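Enquirer: Just one file: upload_34.cif, with mmCIF, C-alpha atoms.
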```cif
data_target
loop_
_atom_site.label_atom_id
_atom_site.label_comp_id
_atom_site.auth_asym_id
_atom_site.auth_seq_id
_atom_site.Cartn_x
_atom_site.Cartn_y
_atom_site.Cartn_z
CA MET D 152 -32.72 77.69 93.44
CA ASP D 153 -29.59 77.90 95.57
CA ARG D 154 -29.01 81.46 96.76
CA PHE D 155 -25.88 80.83 98.80
CA PRO D 156 -23.31 81.55 96.03
CA GLU D 157 -24.93 84.97 95.49
CA ALA D 158 -24.81 85.72 99.23
CA PHE D 159 -21.21 84.56 99.38
CA ARG D 160 -20.29 86.81 96.44
CA ARG D 161 -21.73 89.82 98.32
CA PHE D 162 -19.83 88.72 101.45
CA GLU D 163 -16.62 88.43 99.42
CA ASP D 164 -17.09 91.99 98.09
CA LYS D 165 -17.28 93.38 101.63
CA VAL D 166 -14.74 91.20 103.47
CA ASP D 167 -11.16 90.25 102.60
CA ILE D 168 -11.31 86.49 102.99
CA GLU D 169 -7.70 85.84 101.96
CA ASP D 170 -6.47 86.90 105.43
CA THR D 171 -8.44 84.31 107.41
CA GLU D 172 -6.13 81.96 109.29
CA SER D 173 -8.43 79.07 110.16
CA ALA D 174 -11.70 77.57 109.01
CA GLN D 175 -13.29 78.61 112.33
CA GLU D 176 -12.27 82.22 111.74
CA PHE D 177 -13.68 81.98 108.22
CA ILE D 178 -17.01 80.65 109.51
CA SER D 179 -17.27 83.23 112.29
CA THR D 180 -16.44 86.07 109.87
CA PHE D 181 -19.27 84.96 107.61
CA ALA D 182 -21.60 84.59 110.62
CA HIS D 183 -20.76 88.13 111.75
CA TRP D 184 -21.41 89.49 108.25
CA ALA D 185 -24.67 87.56 107.83
CA GLY D 186 -26.01 88.59 111.26
CA HIS D 187 -29.33 87.07 112.25
CA ARG D 188 -29.64 85.19 108.92
CA TYR D 189 -26.79 82.85 109.87
CA ILE D 190 -27.85 79.76 111.84
CA GLY D 191 -24.72 77.63 111.66
CA SER D 192 -26.45 74.57 110.26
CA SER D 193 -24.48 71.78 108.65
CA ASN D 194 -25.77 72.84 105.22
CA GLN D 195 -24.44 76.37 105.69
CA ILE D 196 -21.06 75.10 106.87
CA ASN D 197 -20.89 72.68 103.92
CA ALA D 198 -21.72 75.55 101.56
CA LEU D 199 -18.92 77.63 103.13
CA ARG D 200 -16.57 74.67 102.72
CA LYS D 201 -17.47 74.36 99.02
CA GLU D 202 -17.01 78.08 98.41
CA SER D 203 -13.63 78.08 100.16
CA GLU D 204 -12.52 75.11 98.06
CA LYS D 205 -13.69 76.87 94.86
CA ARG D 206 -11.60 79.92 95.76
CA LYS D 207 -8.65 77.78 96.94
CA LEU D 208 -8.36 79.46 100.35
CA GLY D 209 -6.24 76.56 101.61
CA PHE D 210 -8.29 75.26 104.53
CA ASP D 211 -8.07 71.56 105.32
CA TRP D 212 -11.60 70.66 106.37
CA ASN D 213 -10.48 67.21 107.59
CA LEU D 214 -8.62 68.80 110.50
CA PRO D 215 -10.34 70.42 113.48
CA ARG D 216 -11.57 73.87 112.43
CA TRP D 217 -9.62 75.90 114.99
CA ILE D 218 -6.20 74.83 113.65
CA LYS D 219 -4.53 77.61 111.68
CA LYS D 220 -3.20 77.07 108.16
CA LYS D 221 0.39 77.70 109.23
CA ASP D 222 0.15 74.84 111.79
CA TYR D 223 -1.17 72.18 109.40
CA GLY D 224 2.27 70.58 109.09
CA LYS D 225 2.35 69.76 112.81
CA TYR D 226 -0.89 67.80 112.64
CA TYR D 227 0.05 65.36 109.90
CA SER D 228 2.15 62.33 110.66
CA LYS D 229 4.41 61.14 107.82
CA GLY D 230 2.09 61.60 104.88
CA THR D 231 -1.02 60.04 106.36
CA GLN D 232 -4.19 62.07 106.59
CA LYS D 233 -4.82 61.29 110.26
CA TRP D 234 -4.45 64.33 112.47
CA LYS D 235 -2.59 64.18 115.71
CA SER D 236 -2.59 66.41 118.71
CA SER D 237 -0.40 66.90 121.71
CA VAL D 238 -1.52 65.90 125.18
CA LYS D 239 -1.57 69.56 126.21
CA SER D 240 -4.50 70.10 123.85
CA GLY D 241 -6.82 68.86 126.61
CA LYS D 242 -6.10 71.98 128.68
CA HIS D 243 -8.08 74.29 126.43
CA ARG D 244 -10.98 71.85 126.59
CA GLY D 245 -11.46 72.35 130.30
CA LEU D 246 -9.43 69.44 131.64
CA ASN D 247 -7.16 70.09 134.59
CA ASP D 248 -3.66 68.66 135.12
CA LYS D 249 -4.87 65.90 137.45
CA GLN D 250 -7.44 64.65 134.91
CA ILE D 251 -4.84 64.68 132.14
CA SER D 252 -2.29 62.76 134.22
CA ILE D 253 -4.87 60.13 135.26
CA MET D 254 -5.93 59.69 131.64
CA ASN D 255 -2.31 59.46 130.42
CA ASP D 256 -1.42 56.83 133.03
CA ALA D 257 -4.49 54.77 132.20
CA ILE D 258 -3.83 54.98 128.46
CA ARG D 259 -0.22 53.91 129.04
CA LYS D 260 -1.48 50.90 131.01
CA GLY D 261 -3.91 50.04 128.21
CA TYR D 262 -7.12 50.59 130.18
CA SER D 263 -10.47 50.75 128.42
CA SER D 264 -12.43 53.98 128.33
CA ASN D 265 -14.85 52.57 130.93
CA LYS D 266 -11.99 51.89 133.32
CA ILE D 267 -10.57 55.38 132.71
CA GLN D 268 -13.94 56.95 133.41
CA ARG D 269 -14.25 54.93 136.63
CA ALA D 270 -10.78 56.05 137.75
CA LEU D 271 -11.69 59.70 137.11
CA ARG D 272 -15.00 59.32 138.92
CA ASN D 273 -13.28 57.73 141.94
CA GLU D 274 -11.06 60.81 142.19
CA GLY D 275 -14.15 63.05 141.96
CA LEU D 276 -13.03 64.37 138.56
CA GLY D 277 -15.56 62.81 136.21
CA ILE D 278 -16.27 64.33 132.81
CA ARG D 279 -18.94 63.71 130.21
CA ARG D 280 -18.59 60.50 128.26
CA LYS D 281 -18.51 62.18 124.85
CA GLU D 282 -15.74 64.57 125.97
CA LEU D 283 -13.81 61.72 127.55
CA LEU D 284 -13.88 59.61 124.39
CA ARG D 285 -12.83 62.55 122.21
CA ASN D 286 -9.92 63.36 124.52
CA ILE D 287 -8.81 59.72 124.72
CA ARG D 288 -8.75 59.54 120.91
CA GLU D 289 -6.66 62.73 120.84
CA MET D 290 -4.22 61.47 123.45
CA LYS D 291 -3.82 58.18 121.58
CA MET D 292 -3.25 60.28 118.44
CA LYS D 293 -6.04 58.56 116.56
CA SER D 294 -8.22 60.27 114.01
CA PRO D 295 -11.53 61.70 115.24
CA LYS D 296 -14.68 59.63 114.87
CA SER D 297 -16.04 60.06 111.37
CA ASN D 298 -19.69 60.93 110.86
CA THR D 299 -20.58 61.38 114.53
CA GLN D 300 -24.13 62.32 113.50
CA LYS D 301 -24.63 58.63 112.72
CA TYR D 302 -24.36 57.74 116.42
CA THR D 303 -26.84 60.35 117.67
CA PRO D 304 -30.46 59.19 117.92
CA ARG D 305 -32.62 60.82 115.26
CA LYS D 306 -34.84 62.65 117.75
CA TYR D 307 -31.81 64.49 119.24
CA ARG D 308 -30.28 65.60 115.91
CA LYS D 309 -30.82 69.17 114.84
#
```
Render the structure in this file as structure tokens.
Expert:
Amino acid sequence: MDRFPEAFRRFEDKVDIEDTESAQEFISTFAHWAGHRYIGSSNQINALRKESEKRKLGFDWNLPRWIKKKDYGKYYSKGTQKWKSSVKSGKHRGLNDKQISIMNDAIRKGYSSNKIQRALRNEGLGIRRKELLRNIREMKMKSPKSNTQKYTPRKYRK
């Protein structure tokens, strides 16, 4: 028997969920309410997504979770469902200006991700491969990799 809808109903009685601006805020509000019972597993997040869709809260779960509802228009390009991001988005991810400029130049020249990573490493500014690939996709304004769990070896999945 699924007990999540009952828990969500109790959460909804205590918390005004209409005021949440982003899916991340919605998830963290539920996590704060649930306390130690909240783990943040993919099943719990999927259940929160379903409940928010039932109540028509207006979150677009295809976009990154931290994007606020009022900014959704900026992240769609001419009716397609691919999200786009500005190059400055890398700053909040821990990239400095030098890394961003090296990556932009390399992308403009059409370098592969391996070549970009080598260029960063030669400057002493290397970053993790997974972060690099995600940032390159953002800078090229391509959609994020779908179903990233598929590429993680089974023994490392949680």
Enquirer: Tell me, as a CSV table (one decimal) with C-alpha atoms, keeping the file's coordinate frame, which residues lie within 10 Å of Ala270 in chain D, counting only C-alpha atoms; anything in the same chain fewer than 5 positions away does not count.
Expert:
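Output contents, as saved in around05.csv:
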```
chain,number,residue,atom,x,y,z
D,250,GLN,CA,-7.4,64.6,134.9
D,253,ILE,CA,-4.9,60.1,135.3
D,254,MET,CA,-5.9,59.7,131.6
D,257,ALA,CA,-4.5,54.8,132.2
D,264,SER,CA,-12.4,54.0,128.3
D,265,ASN,CA,-14.8,52.6,130.9
D,275,GLY,CA,-14.2,63.0,142.0
D,276,LEU,CA,-13.0,64.4,138.6
D,277,GLY,CA,-15.6,62.8,136.2
```
Enquirer: Using all atoms listed in the file, which of D:Val166, D:Arg288, D:Tyr223, D:Lys281 sits nearest Asn255 in chain D?
Expert: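 Closest candidate: D:Arg288.
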Enquirer: Quick one: distance from CA of Lys293 in chain D to CA of Asn197 in chain D in Å, one decimal?
Expert: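 Spanning CA of Lys293 in chain D to CA of Asn197 in chain D is a straight-line distance of 24.1 Å.
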Enquirer: Have a look at D:Ser173, D:Trp184, D:Lys207, D:Asn194 and name the one nearest to Lys221 in chain D; count all atoms listed in the file.
Expert: D:Ser173
Enquirer: Smallest atom-to-atom distance to Arg188 in chain D: which of D:Ile267, D:Arg279, D:Phe155, D:Tyr307, using all atoms listed in the file?
Expert: D:Phe155
Enquirer: For the provided coordinates, the residues matched by the PyMOL selection byres ((chain D and resi 158) around 12) should be stated as a CSV table (one decimal) with C-alpha atoms, in the coordinates of the input.
Expert:
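Okay, this is what ended up in selection09.csv:
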```csv
chain,number,residue,atom,x,y,z
D,153,ASP,CA,-29.6,77.9,95.6
D,154,ARG,CA,-29.0,81.5,96.8
D,155,PHE,CA,-25.9,80.8,98.8
D,156,PRO,CA,-23.3,81.6,96.0
D,157,GLU,CA,-24.9,85.0,95.5
D,159,PHE,CA,-21.2,84.6,99.4
D,160,ARG,CA,-20.3,86.8,96.4
D,161,ARG,CA,-21.7,89.8,98.3
D,162,PHE,CA,-19.8,88.7,101.4
D,163,GLU,CA,-16.6,88.4,99.4
D,164,ASP,CA,-17.1,92.0,98.1
D,165,LYS,CA,-17.3,93.4,101.6
D,181,PHE,CA,-19.3,85.0,107.6
D,182,ALA,CA,-21.6,84.6,110.6
D,184,TRP,CA,-21.4,89.5,108.2
D,185,ALA,CA,-24.7,87.6,107.8
D,188,ARG,CA,-29.6,85.2,108.9
D,189,TYR,CA,-26.8,82.8,109.9
D,195,GLN,CA,-24.4,76.4,105.7
D,198,ALA,CA,-21.7,75.6,101.6
D,199,LEU,CA,-18.9,77.6,103.1
D,202,GLU,CA,-17.0,78.1,98.4
```
Enquirer: Between D:Glu282, D:Arg305, D:Ile287, D:Arg200, which one has atoms that come closest to Ser252 in chain D, using only C-alpha atoms?
Expert: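 Going through D:Glu282, D:Arg305, D:Ile287, D:Arg200 one by one, the smallest distance to Ser252 in chain D is for D:Ile287.
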Enquirer: For a test of reading the model, state the distance in Å between CA of Asp167 in chain D and CA of Thr180 in chain D, rounded to one decimal.
Expert: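 It comes out at 9.9 Å.
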Enquirer: What's the separation between CA of Ile190 in chain D and CA of Glu176 in chain D, in Å to one decimal place?
Expert: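 One can read the CA of Ile190 in chain D to CA of Glu176 in chain D distance as 15.8 Å.
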Enquirer: Extending 4 Å beyond the listed atoms of range 160-175 of chain D on each side, what axis-aligned box results? I want centre and edge lengths in Å to one decimal, as JSON.
Expert:
```
{"center_x": -13.9, "center_y": 85.5, "center_z": 104.4, "size_x": 23.6, "size_y": 23.8, "size_z": 23.9}
```
